[in-house]
Amino acid sequence: MRLLHLGDVLGQSGRKAALEALPMLRDRLQVDAAVVNVENSAHGFGVTAKICREFYDAGADVLTTGNHVWDQREIITYIDEDKTLLRPWNFPDGTPGHGDCVFTARSGKKVAVINMMGRLFMDPLSCPFQGANKLFGKYRLGKNVDAVLIDFHAETTSEKMAFGHHCDGRASLVLGTHTHVPTADAQILPGGTAYQTDVGMCGDFNSVIGMKHESSVAKFLTKMPSGKLEPAEGPATVCGVYVETDDKTGLAKRIEPVRIGGRLRGSWPNA
């Protein structure tokens, strides 16, 4: 299978770039399944039902989120209806929405997507490592699903890397989101799981992780409140990861970063 994951979409600039790029990426890379993290897509904070529909229309199969999932209040009443808009699985029992799903790809194969959130410097949710163990009892790679994709929304590189190794051999790919800066460690772990510590964002990189840099610099400089953070609105770079899996095992055979447009140097999977 050919899988595509786009990192955190941030604000109008990132949303416009990702919506324009997604149909092209699906076509040129012959993607079977596409997942997009949309937790910052509504002016940098949360997501709306309208934005979800726009991404589905552009070719997204599943939308993931993170700690900003509830920033737009309307999503609280919408998320139960949308089975492929995920919030982190390890929120407390009774939280609206779903943290995992299975869908049938265009090729007819079944893809499980899991949205999990880390705990270091984040909200004190239930253990993502123990949560993954439970879900691997539900989704057995190469048995009842053809691919397992995990969006691990976490702050620290150490927790992300530990989680990747914890899932190695049981997931097709584990990709980190949340910190918005693409890391240079795309690899296939020893057990066959594709991994990258952070996919990067779809947003303007003339910024501080997607927000206008003036307010952030002033806050670090003075330690005083410096006004509301606003998304940077310059040309956006679309950051993602492309993975090919083995048809029998569901494990990864190839992982390649994808970066197009904006300020960052481009990256495209080799033929």
# chains A, B, ... in the order shown; residues from 1 in each chain; ligands from 1
$ residues_around --residues "stretch 85-98 of chain A" --least-positions-apart "6" --cutoff "12 Å" --atoms "only C-alpha atoms" --output "MDAnalysis selection string"
chainID A and resid 35:39 46:49 51:53 55:56 60:70 75:79 112:119 122:132 134:135 150:154 177
$ residues_around --residues "stretch 5-14 of chain A" --least-positions-apart "5" --cutoff "7 Å" --atoms "only C-alpha atoms" --output "PDB file with N, CA and C atoms, in the first residue's frame"
ATOM      1  N   ALA A  34      -4.871   8.580   2.693  1.00  0.00           N
ATOM      2  CA  ALA A  34      -4.276   9.860   3.102  1.00  0.00           C
ATOM      3  C   ALA A  34      -4.866  10.304   4.437  1.00  0.00           C
ATOM      4  N   VAL A  35      -3.980  10.683   5.356  1.00  0.00           N
ATOM      5  CA  VAL A  35      -4.361  11.161   6.687  1.00  0.00           C
ATOM      6  C   VAL A  35      -3.772  12.556   6.868  1.00  0.00           C
ATOM      7  N   VAL A  36      -4.550  13.466   7.454  1.00  0.00           N
ATOM      8  CA  VAL A  36      -4.113  14.850   7.651  1.00  0.00           C
ATOM      9  C   VAL A  36      -4.389  15.260   9.092  1.00  0.00           C
ATOM     10  N   ASN A  37      -3.396  15.861   9.738  1.00  0.00           N
ATOM     11  CA  ASN A  37      -3.618  16.407  11.077  1.00  0.00           C
ATOM     12  C   ASN A  37      -4.142  17.837  10.940  1.00  0.00           C
ATOM     13  N   VAL A  38      -5.347  18.096  11.468  1.00  0.00           N
ATOM     14  CA  VAL A  38      -6.029  19.375  11.244  1.00  0.00           C
ATOM     15  C   VAL A  38      -6.242  20.172  12.526  1.00  0.00           C
ATOM     16  N   GLU A  39      -5.514  19.862  13.599  1.00  0.00           N
ATOM     17  CA  GLU A  39      -5.859  20.459  14.888  1.00  0.00           C
ATOM     18  C   GLU A  39      -5.582  21.957  14.979  1.00  0.00           C
ATOM     19  N   ASN A  40      -4.796  22.513  14.070  1.00  0.00           N
ATOM     20  CA  ASN A  40      -4.520  23.959  14.075  1.00  0.00           C
ATOM     21  C   ASN A  40      -5.054  24.649  12.830  1.00  0.00           C
ATOM     22  N   SER A  41      -5.982  24.020  12.143  1.00  0.00           N
ATOM     23  CA  SER A  41      -6.377  24.512  10.820  1.00  0.00           C
ATOM     24  C   SER A  41      -7.335  25.697  10.865  1.00  0.00           C
ATOM     25  N   ALA A  42      -8.024  25.921  11.984  1.00  0.00           N
ATOM     26  CA  ALA A  42      -8.975  27.036  12.103  1.00  0.00           C
ATOM     27  C   ALA A  42      -8.267  28.228  12.754  1.00  0.00           C
ATOM     28  N   HIS A  43      -7.613  29.029  11.947  1.00  0.00           N
ATOM     29  CA  HIS A  43      -6.879  30.209  12.413  1.00  0.00           C
ATOM     30  C   HIS A  43      -5.888  29.853  13.521  1.00  0.00           C
ATOM     31  N   GLY A  44      -5.288  28.684  13.409  1.00  0.00           N
ATOM     32  CA  GLY A  44      -4.256  28.263  14.342  1.00  0.00           C
ATOM     33  C   GLY A  44      -4.747  27.503  15.555  1.00  0.00           C
ATOM     34  N   THR A 177       3.632  14.282  15.592  1.00  0.00           N
ATOM     35  CA  THR A 177       3.118  15.608  15.250  1.00  0.00           C
ATOM     36  C   THR A 177       3.209  16.488  16.499  1.00  0.00           C
ATOM     37  N   HIS A 178       2.784  17.739  16.375  1.00  0.00           N
ATOM     38  CA  HIS A 178       2.639  18.711  17.466  1.00  0.00           C
ATOM     39  C   HIS A 178       3.733  19.768  17.491  1.00  0.00           C
ATOM     40  N   HIS A 180       5.722  20.788  15.002  1.00  0.00           N
ATOM     41  CA  HIS A 180       5.621  21.593  13.779  1.00  0.00           C
ATOM     42  C   HIS A 180       6.907  21.720  12.973  1.00  0.00           C
ATOM     43  N   VAL A 199       6.569  15.078  11.660  1.00  0.00           N
ATOM     44  CA  VAL A 199       6.289  15.239  10.234  1.00  0.00           C
ATOM     45  C   VAL A 199       6.529  16.673   9.783  1.00  0.00           C
ATOM     46  N   GLY A 200       6.373  17.645  10.708  1.00  0.00           N
ATOM     47  CA  GLY A 200       6.409  19.048  10.331  1.00  0.00           C
ATOM     48  C   GLY A 200       5.002  19.563  10.098  1.00  0.00           C
ATOM     49  N   MET A 201       4.896  20.859   9.862  1.00  0.00           N
ATOM     50  CA  MET A 201       3.571  21.459   9.699  1.00  0.00           C
ATOM     51  C   MET A 201       3.322  21.830   8.237  1.00  0.00           C
ATOM     52  N   CYS A 202       2.078  22.058   7.943  1.00  0.00           N
ATOM     53  CA  CYS A 202       1.679  22.709   6.699  1.00  0.00           C
ATOM     54  C   CYS A 202       1.384  24.156   7.088  1.00  0.00           C
ATOM     55  N   GLY A 203       2.365  25.026   6.882  1.00  0.00           N
ATOM     56  CA  GLY A 203       2.227  26.404   7.329  1.00  0.00           C
ATOM     57  C   GLY A 203       3.409  27.242   6.893  1.00  0.00           C
ATOM     58  N   ASP A 204       3.377  28.510   7.272  1.00  0.00           N
ATOM     59  CA  ASP A 204       4.411  29.477   6.920  1.00  0.00           C
ATOM     60  C   ASP A 204       5.578  29.334   7.894  1.00  0.00           C
ATOM     61  N   GLY A 210       4.729  28.443  13.251  1.00  0.00           N
ATOM     62  CA  GLY A 210       3.523  28.791  12.512  1.00  0.00           C
ATOM     63  C   GLY A 210       2.859  30.079  12.919  1.00  0.00           C
ATOM     64  N   PRO A 231      -1.631  33.374  13.428  1.00  0.00           N
ATOM     65  CA  PRO A 231      -0.902  32.580  12.441  1.00  0.00           C
ATOM     66  C   PRO A 231      -0.159  33.457  11.445  1.00  0.00           C
ATOM     67  N   GLU A 233       1.064  34.391   7.795  1.00  0.00           N
ATOM     68  CA  GLU A 233       0.207  34.311   6.610  1.00  0.00           C
ATOM     69  C   GLU A 233       0.982  34.293   5.300  1.00  0.00           C
ATOM     70  N   GLY A 234       2.302  34.067   5.363  1.00  0.00           N
ATOM     71  CA  GLY A 234       3.093  33.991   4.144  1.00  0.00           C
ATOM     72  C   GLY A 234       2.940  32.648   3.449  1.00  0.00           C
ATOM     73  N   PRO A 235       3.675  32.456   2.359  1.00  0.00           N
ATOM     74  CA  PRO A 235       3.593  31.193   1.620  1.00  0.00           C
ATOM     75  C   PRO A 235       3.916  30.001   2.516  1.00  0.00           C
ATOM     76  N   ALA A 236       3.100  28.966   2.431  1.00  0.00           N
ATOM     77  CA  ALA A 236       3.232  27.809   3.315  1.00  0.00           C
ATOM     78  C   ALA A 236       4.005  26.685   2.646  1.00  0.00           C
ATOM     79  N   CYS A 239       4.247  19.896   4.557  1.00  0.00           N
ATOM     80  CA  CYS A 239       5.143  18.850   5.048  1.00  0.00           C
ATOM     81  C   CYS A 239       4.354  17.560   5.270  1.00  0.00           C
ATOM     82  N   GLY A 240       4.901  16.486   4.789  1.00  0.00           N
ATOM     83  CA  GLY A 240       4.254  15.190   4.969  1.00  0.00           C
ATOM     84  C   GLY A 240       5.249  14.055   4.891  1.00  0.00           C
ATOM     85  N   VAL A 241       4.732  12.833   4.962  1.00  0.00           N
ATOM     86  CA  VAL A 241       5.532  11.620   4.862  1.00  0.00           C
ATOM     87  C   VAL A 241       4.798  10.630   3.972  1.00  0.00           C
ATOM     88  N   TYR A 242       5.573  10.007   3.085  1.00  0.00           N
ATOM     89  CA  TYR A 242       5.053   8.994   2.161  1.00  0.00           C
ATOM     90  C   TYR A 242       5.652   7.645   2.550  1.00  0.00           C
TER      91      TYR A 242
END
$ closest_residue --among "A:Thr245, A:Thr156, A:Asn144, A:Asn206" --to "A:Thr193" --atoms "only C-alpha atoms"
A:Thr245
$ closest_atom_pairs --of "stretch 152-261 of chain A" --to "stretch 24-31 of chain A" --cutoff "10 Å" --atoms "only C-alpha atoms" --output "CSV"
residue,atom,partner,partner_atom,distance
A:Tyr242,CA,A:Leu29,CA,8.4
A:Val243,CA,A:Val31,CA,9.3
A:Glu244,CA,A:Val31,CA,9.2
A:Val258,CA,A:Leu25,CA,9.4
$ atom_distance --atom1 "atom CA of A:Gly59" --atom2 "atom CA of A:Ala105"
11.4 Å
$ closest_residue --among "A:Ile188, A:Asp82, A:Gln196, A:Ser207" --to "A:Glu230" --atoms "only C-alpha atoms"
A:Ser207
$ closest_residue --among "A:Val148, A:Met161, A:Leu3, A:Ala33" --to "A:Asp185" --atoms "only C-alpha atoms"
A:Met161
